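Structure below is coords29.cif: mmCIF, C-alpha atoms.
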data_model
loop_
_atom_site.label_atom_id
_atom_site.label_comp_id
_atom_site.auth_asym_id
_atom_site.auth_seq_id
_atom_site.Cartn_x
_atom_site.Cartn_y
_atom_site.Cartn_z
CA MET S 1 72.80 79.53 -117.13
CA SER S 2 70.10 77.40 -118.69
CA ILE S 3 70.50 73.87 -119.98
CA LYS S 4 70.53 73.76 -123.78
CA LEU S 5 71.45 70.12 -124.49
CA ILE S 6 71.28 66.77 -122.71
CA VAL S 7 73.34 63.91 -124.13
CA THR S 8 73.44 60.34 -122.84
CA ASP S 9 75.37 57.20 -123.59
CA LEU S 10 73.39 53.99 -124.10
CA ASP S 11 74.85 50.80 -122.63
CA GLY S 12 75.10 50.82 -118.85
CA THR S 13 73.52 54.27 -118.71
CA PHE S 14 70.26 54.80 -120.61
CA LEU S 15 69.12 51.29 -121.64
CA ASN S 16 67.63 48.36 -119.80
CA THR S 17 70.00 45.50 -119.04
CA ASN S 18 68.86 43.80 -122.26
CA HIS S 19 70.70 46.57 -124.20
CA ILE S 20 67.77 46.99 -126.62
CA THR S 21 64.99 48.86 -124.82
CA ILE S 22 64.83 52.20 -123.07
CA PRO S 23 63.10 52.28 -119.67
CA GLN S 24 59.88 54.29 -119.77
CA GLU S 25 61.16 56.72 -117.12
CA ASN S 26 64.13 57.61 -119.34
CA ILE S 27 61.84 58.16 -122.33
CA GLU S 28 59.61 60.41 -120.23
CA ALA S 29 62.57 62.39 -118.85
CA PHE S 30 63.94 63.02 -122.36
CA LYS S 31 60.47 63.93 -123.62
CA LYS S 32 59.94 66.40 -120.78
CA ALA S 33 63.33 68.02 -121.42
CA HIS S 34 62.52 68.28 -125.12
CA GLU S 35 59.17 69.89 -124.36
CA MET S 36 61.02 72.45 -122.19
CA GLY S 37 63.08 73.44 -125.25
CA ILE S 38 66.19 71.47 -124.31
CA LYS S 39 67.83 69.57 -127.18
CA VAL S 40 68.24 65.84 -126.48
CA ALA S 41 70.82 63.52 -128.00
CA ILE S 42 72.26 60.04 -127.79
CA ALA S 43 76.01 59.46 -128.04
CA SER S 44 77.13 55.90 -128.63
CA GLY S 45 79.94 53.71 -129.83
CA ARG S 46 77.32 51.99 -132.00
CA THR S 47 76.79 52.84 -135.65
CA LYS S 48 73.50 54.16 -136.98
CA ILE S 49 71.94 50.81 -137.88
CA LEU S 50 72.56 49.62 -134.31
CA THR S 51 70.64 52.59 -132.91
CA ASP S 52 67.69 52.80 -135.32
CA TYR S 53 65.36 50.73 -133.13
CA LEU S 54 66.26 52.93 -130.15
CA VAL S 55 65.63 56.13 -132.06
CA GLU S 56 62.14 54.81 -132.87
CA GLN S 57 61.47 54.86 -129.11
CA LEU S 58 62.45 58.56 -129.03
CA PRO S 59 60.62 60.28 -131.93
CA PHE S 60 61.53 63.70 -130.50
CA LEU S 61 65.31 63.03 -130.46
CA ASP S 62 67.27 65.98 -131.84
CA TYR S 63 70.73 64.48 -132.46
CA LEU S 64 72.33 61.07 -132.77
CA ILE S 65 76.09 60.81 -132.29
CA THR S 66 77.43 57.45 -133.46
CA SER S 67 80.64 55.43 -133.78
CA ASN S 68 82.31 57.06 -130.75
CA GLY S 69 81.70 60.53 -132.16
CA ALA S 70 82.68 59.85 -135.78
CA VAL S 71 79.26 60.82 -137.18
CA THR S 72 76.54 63.17 -135.89
CA TYR S 73 73.05 63.17 -137.38
CA ASP S 74 70.35 65.84 -137.12
CA MET S 75 67.31 63.64 -136.48
CA LYS S 76 64.84 66.31 -137.64
CA THR S 77 66.38 66.56 -141.12
CA GLY S 78 67.98 63.12 -141.32
CA LYS S 79 71.19 64.77 -142.52
CA THR S 80 74.73 64.31 -141.29
CA VAL S 81 75.79 67.35 -139.26
CA CYS S 82 79.46 66.35 -139.16
CA SER S 83 81.71 63.37 -139.61
CA THR S 84 85.32 62.54 -138.88
CA LEU S 85 86.30 59.37 -140.67
CA LEU S 86 89.37 57.17 -140.56
CA SER S 87 91.04 57.68 -143.94
CA ASN S 88 90.95 55.05 -146.65
CA GLU S 89 94.75 54.75 -146.52
CA LYS S 90 94.84 54.25 -142.73
CA SER S 91 91.89 51.83 -142.92
CA ILE S 92 93.63 49.63 -145.49
CA GLU S 93 96.87 49.73 -143.49
CA ILE S 94 94.94 48.47 -140.46
CA PHE S 95 93.16 45.79 -142.53
CA ASN S 96 96.55 44.55 -143.76
CA THR S 97 97.98 44.49 -140.23
CA LEU S 98 94.99 42.59 -138.85
CA GLU S 99 95.18 39.98 -141.62
CA ASP S 100 98.62 39.01 -140.22
CA TYR S 101 96.94 38.16 -136.90
CA GLY S 102 93.85 36.33 -138.20
CA LEU S 103 91.61 38.28 -135.80
CA PRO S 104 87.90 38.87 -136.40
CA TYR S 105 87.06 42.53 -136.90
CA GLU S 106 84.21 44.65 -138.14
CA ILE S 107 83.95 48.13 -139.53
CA TYR S 108 81.29 50.77 -139.28
CA PHE S 109 80.87 52.30 -142.70
CA GLU S 110 78.14 54.66 -143.89
CA GLY S 111 75.95 53.75 -140.90
CA ASP S 112 76.18 49.96 -141.34
CA CYS S 113 78.30 47.10 -139.91
CA TYR S 114 80.51 45.00 -142.18
CA MET S 115 82.94 42.11 -141.90
CA ASN S 116 85.14 40.55 -144.50
CA SER S 117 84.52 36.85 -145.16
CA ASP S 118 87.52 35.73 -143.09
CA SER S 119 86.31 37.64 -140.03
CA TYR S 120 82.71 36.57 -140.56
CA SER S 121 83.74 32.91 -140.43
CA LEU S 122 85.13 33.58 -136.92
CA PHE S 123 82.10 35.55 -135.74
CA ASP S 124 80.50 33.35 -133.11
CA GLU S 125 80.05 33.22 -129.36
CA ASN S 126 83.45 31.51 -128.97
CA HIS S 127 85.30 34.55 -130.37
CA VAL S 128 83.22 37.43 -129.02
CA SER S 129 81.25 38.04 -125.84
CA PRO S 130 77.61 36.88 -125.92
CA HIS S 131 76.40 40.48 -125.44
CA ILE S 132 78.34 41.70 -128.50
CA TYR S 133 77.38 38.64 -130.52
CA ASN S 134 73.68 39.08 -129.77
CA LEU S 135 73.81 42.80 -130.53
CA LEU S 136 75.57 42.38 -133.88
CA LYS S 137 74.41 39.04 -135.29
CA ASP S 138 71.34 40.43 -137.07
CA PHE S 139 73.10 43.49 -138.47
CA ILE S 140 76.56 42.48 -139.70
CA LYS S 141 76.89 42.28 -143.45
CA GLU S 142 79.48 39.93 -144.87
CA VAL S 143 81.55 41.15 -147.81
CA PRO S 144 84.43 39.42 -149.59
CA LYS S 145 86.92 42.28 -149.07
CA LEU S 146 86.40 45.41 -146.98
CA ARG S 147 88.89 47.40 -149.07
CA ASP S 148 86.67 46.84 -152.13
CA LEU S 149 83.60 47.94 -150.18
CA ILE S 150 85.05 51.23 -148.96
CA GLY S 151 86.73 52.17 -152.24
CA THR S 152 88.36 55.55 -151.67
CA ARG S 153 86.11 56.56 -148.78
CA GLY S 154 86.97 56.42 -145.09
CA ILE S 155 85.37 54.39 -142.32
CA GLU S 156 83.65 55.46 -139.11
CA LYS S 157 85.13 52.88 -136.78
CA LEU S 158 86.90 49.54 -136.64
CA ASN S 159 86.29 47.00 -133.87
CA ILE S 160 88.66 44.10 -133.25
CA LEU S 161 86.41 41.52 -131.63
CA SER S 162 88.94 39.19 -130.00
CA LEU S 163 92.27 40.50 -128.85
CA THR S 164 94.88 39.57 -126.24
CA ASP S 165 96.87 42.24 -124.43
CA LEU S 166 100.02 41.21 -126.30
CA GLN S 167 98.28 41.40 -129.68
CA ARG S 168 96.85 44.80 -128.75
CA SER S 169 100.33 46.16 -127.92
CA GLU S 170 101.88 44.77 -131.09
CA ILE S 171 99.08 46.03 -133.33
CA GLU S 172 99.02 49.48 -131.71
CA GLU S 173 102.77 49.77 -132.20
CA ARG S 174 102.65 48.70 -135.85
CA ILE S 175 99.76 51.02 -136.72
CA ALA S 176 101.00 53.98 -134.68
CA ARG S 177 104.29 54.09 -136.60
CA ASN S 178 102.50 55.83 -139.47
CA GLY S 179 100.09 58.10 -137.63
CA LYS S 180 97.92 58.35 -134.56
CA VAL S 181 95.17 55.81 -134.01
CA SER S 182 93.60 55.26 -130.60
CA PHE S 183 92.44 51.93 -129.25
CA ALA S 184 89.48 51.93 -126.89
CA SER S 185 89.19 49.21 -124.29
CA SER S 186 86.10 47.05 -124.35
#

Take the structure I supplied and represent it as structure tokens, if you would.
Amino acid sequence: MSIKLIVTDLDGTFLNTNHITIPQENIEAFKKAHEMGIKVAIASGRTKILTDYLVEQLPFLDYLITSNGAVTYDMKTGKTVCSTLLSNEKSIEIFNTLEDYGLPYEIYFEGDCYMNSDSYSLFDENHVSPHIYNLLKDFIKEVPKLRDLIGTRGIEKLNILSLTDLQRSEIEERIARNGKVSFASS
């Protein structure tokens, strides 16, 4: 059986400890695999805008899988191969639930990162880890209301940036009453 595809995660796997550059040996390994006819891909919890500078380091990349698998791009055509979005209805239900807690959260929507104004006012190194803050600070777009931004479309991913275990349990329970939503640990 021959290898047809190699996929790697980014943070803690493929990137340098700065989380923004790819070690040269990893670039060379992916390039060699590509030259051998093996497809190469990145799979990440990040959205497209948070991977663009990495993709530039890999001009031969075949696929980019973003937002924990919500969207897959064919890098040769620039087109979306597939997407599985959180529905508009479920997204708004979650927004409403999170407003009760006053927690900062962001969404990944159409390849970008967004926060509503209330969350954006809490977005600093006191509410999120320095690594997350440094990764997101140059990319997050502030909007007055996320529900107005998304209209009738769905979102790729929602990240709650500051959450206690008790809040997590309560929020999961409230949201899960009306359909399955999974919470990843950070």

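Residues lying within 9 Å of S:Arg147, counting all atoms listed in the file and ignoring same-chain neighbours fewer than 5 positions away, are Asn88, Ser91, Ile92, Phe95 and Thr152 of chain S.
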
**Message:** Give me the residues near S:Phe109 as an MDAnalysis selection string, where near means some atom within 8 Å (using only C-alpha atoms) and where sequence neighbours in that chain fewer than 6 positions away do not count.
**Reply:** chainID S and resid 150 154:157

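For stretch 161-177 of chain S, the non-local neighbours within 10 Å, defined as residues at least 5 positions apart in the same chain or in other chains and counting only C-alpha atoms, are S:Lys90, S:Glu93, S:Ile94, S:Thr97, S:Leu98, S:Asp100, S:Tyr101, S:Gly102, S:Leu103, S:Pro104, S:Tyr105, S:Glu106, S:Ser119, S:Leu122, S:Phe123, S:Asn126, S:His127, S:Val128, S:Ser129, S:Ile132, S:Tyr133, S:Ser182, S:Phe183, S:Ser185, S:Ser186.
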
**Atomic distance atom CA of S:Gly37 - atom CA of S:Asp74, expressed in Å with one decimal** = 15.9 Å

**Prompt:** How many Å lie between atom CA of S:Leu54 and atom CA of S:Ile22, rounded to one decimal?
**Reply:** 7.3 Å

**Item:** All residues 9 Å or closer to stretch 49-53 of chain S, all atoms listed in the file, same chain fewer than 2 positions away omitted, as JSON, numbers by chain
**Value:** {"S": [20, 21, 44, 46, 47, 55, 56, 57, 64, 66, 111, 112, 113, 135, 136, 139]}

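Across the structure, atom CA of S:Gly151 and atom CA of S:Ile107 are spaced 13.6 Å apart.
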
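If you measure from each of S:Val81, S:Ile42, S:Leu149, S:Ile3 to S:Tyr108 using all atoms listed in the file, the closest one turns out to be S:Leu149.
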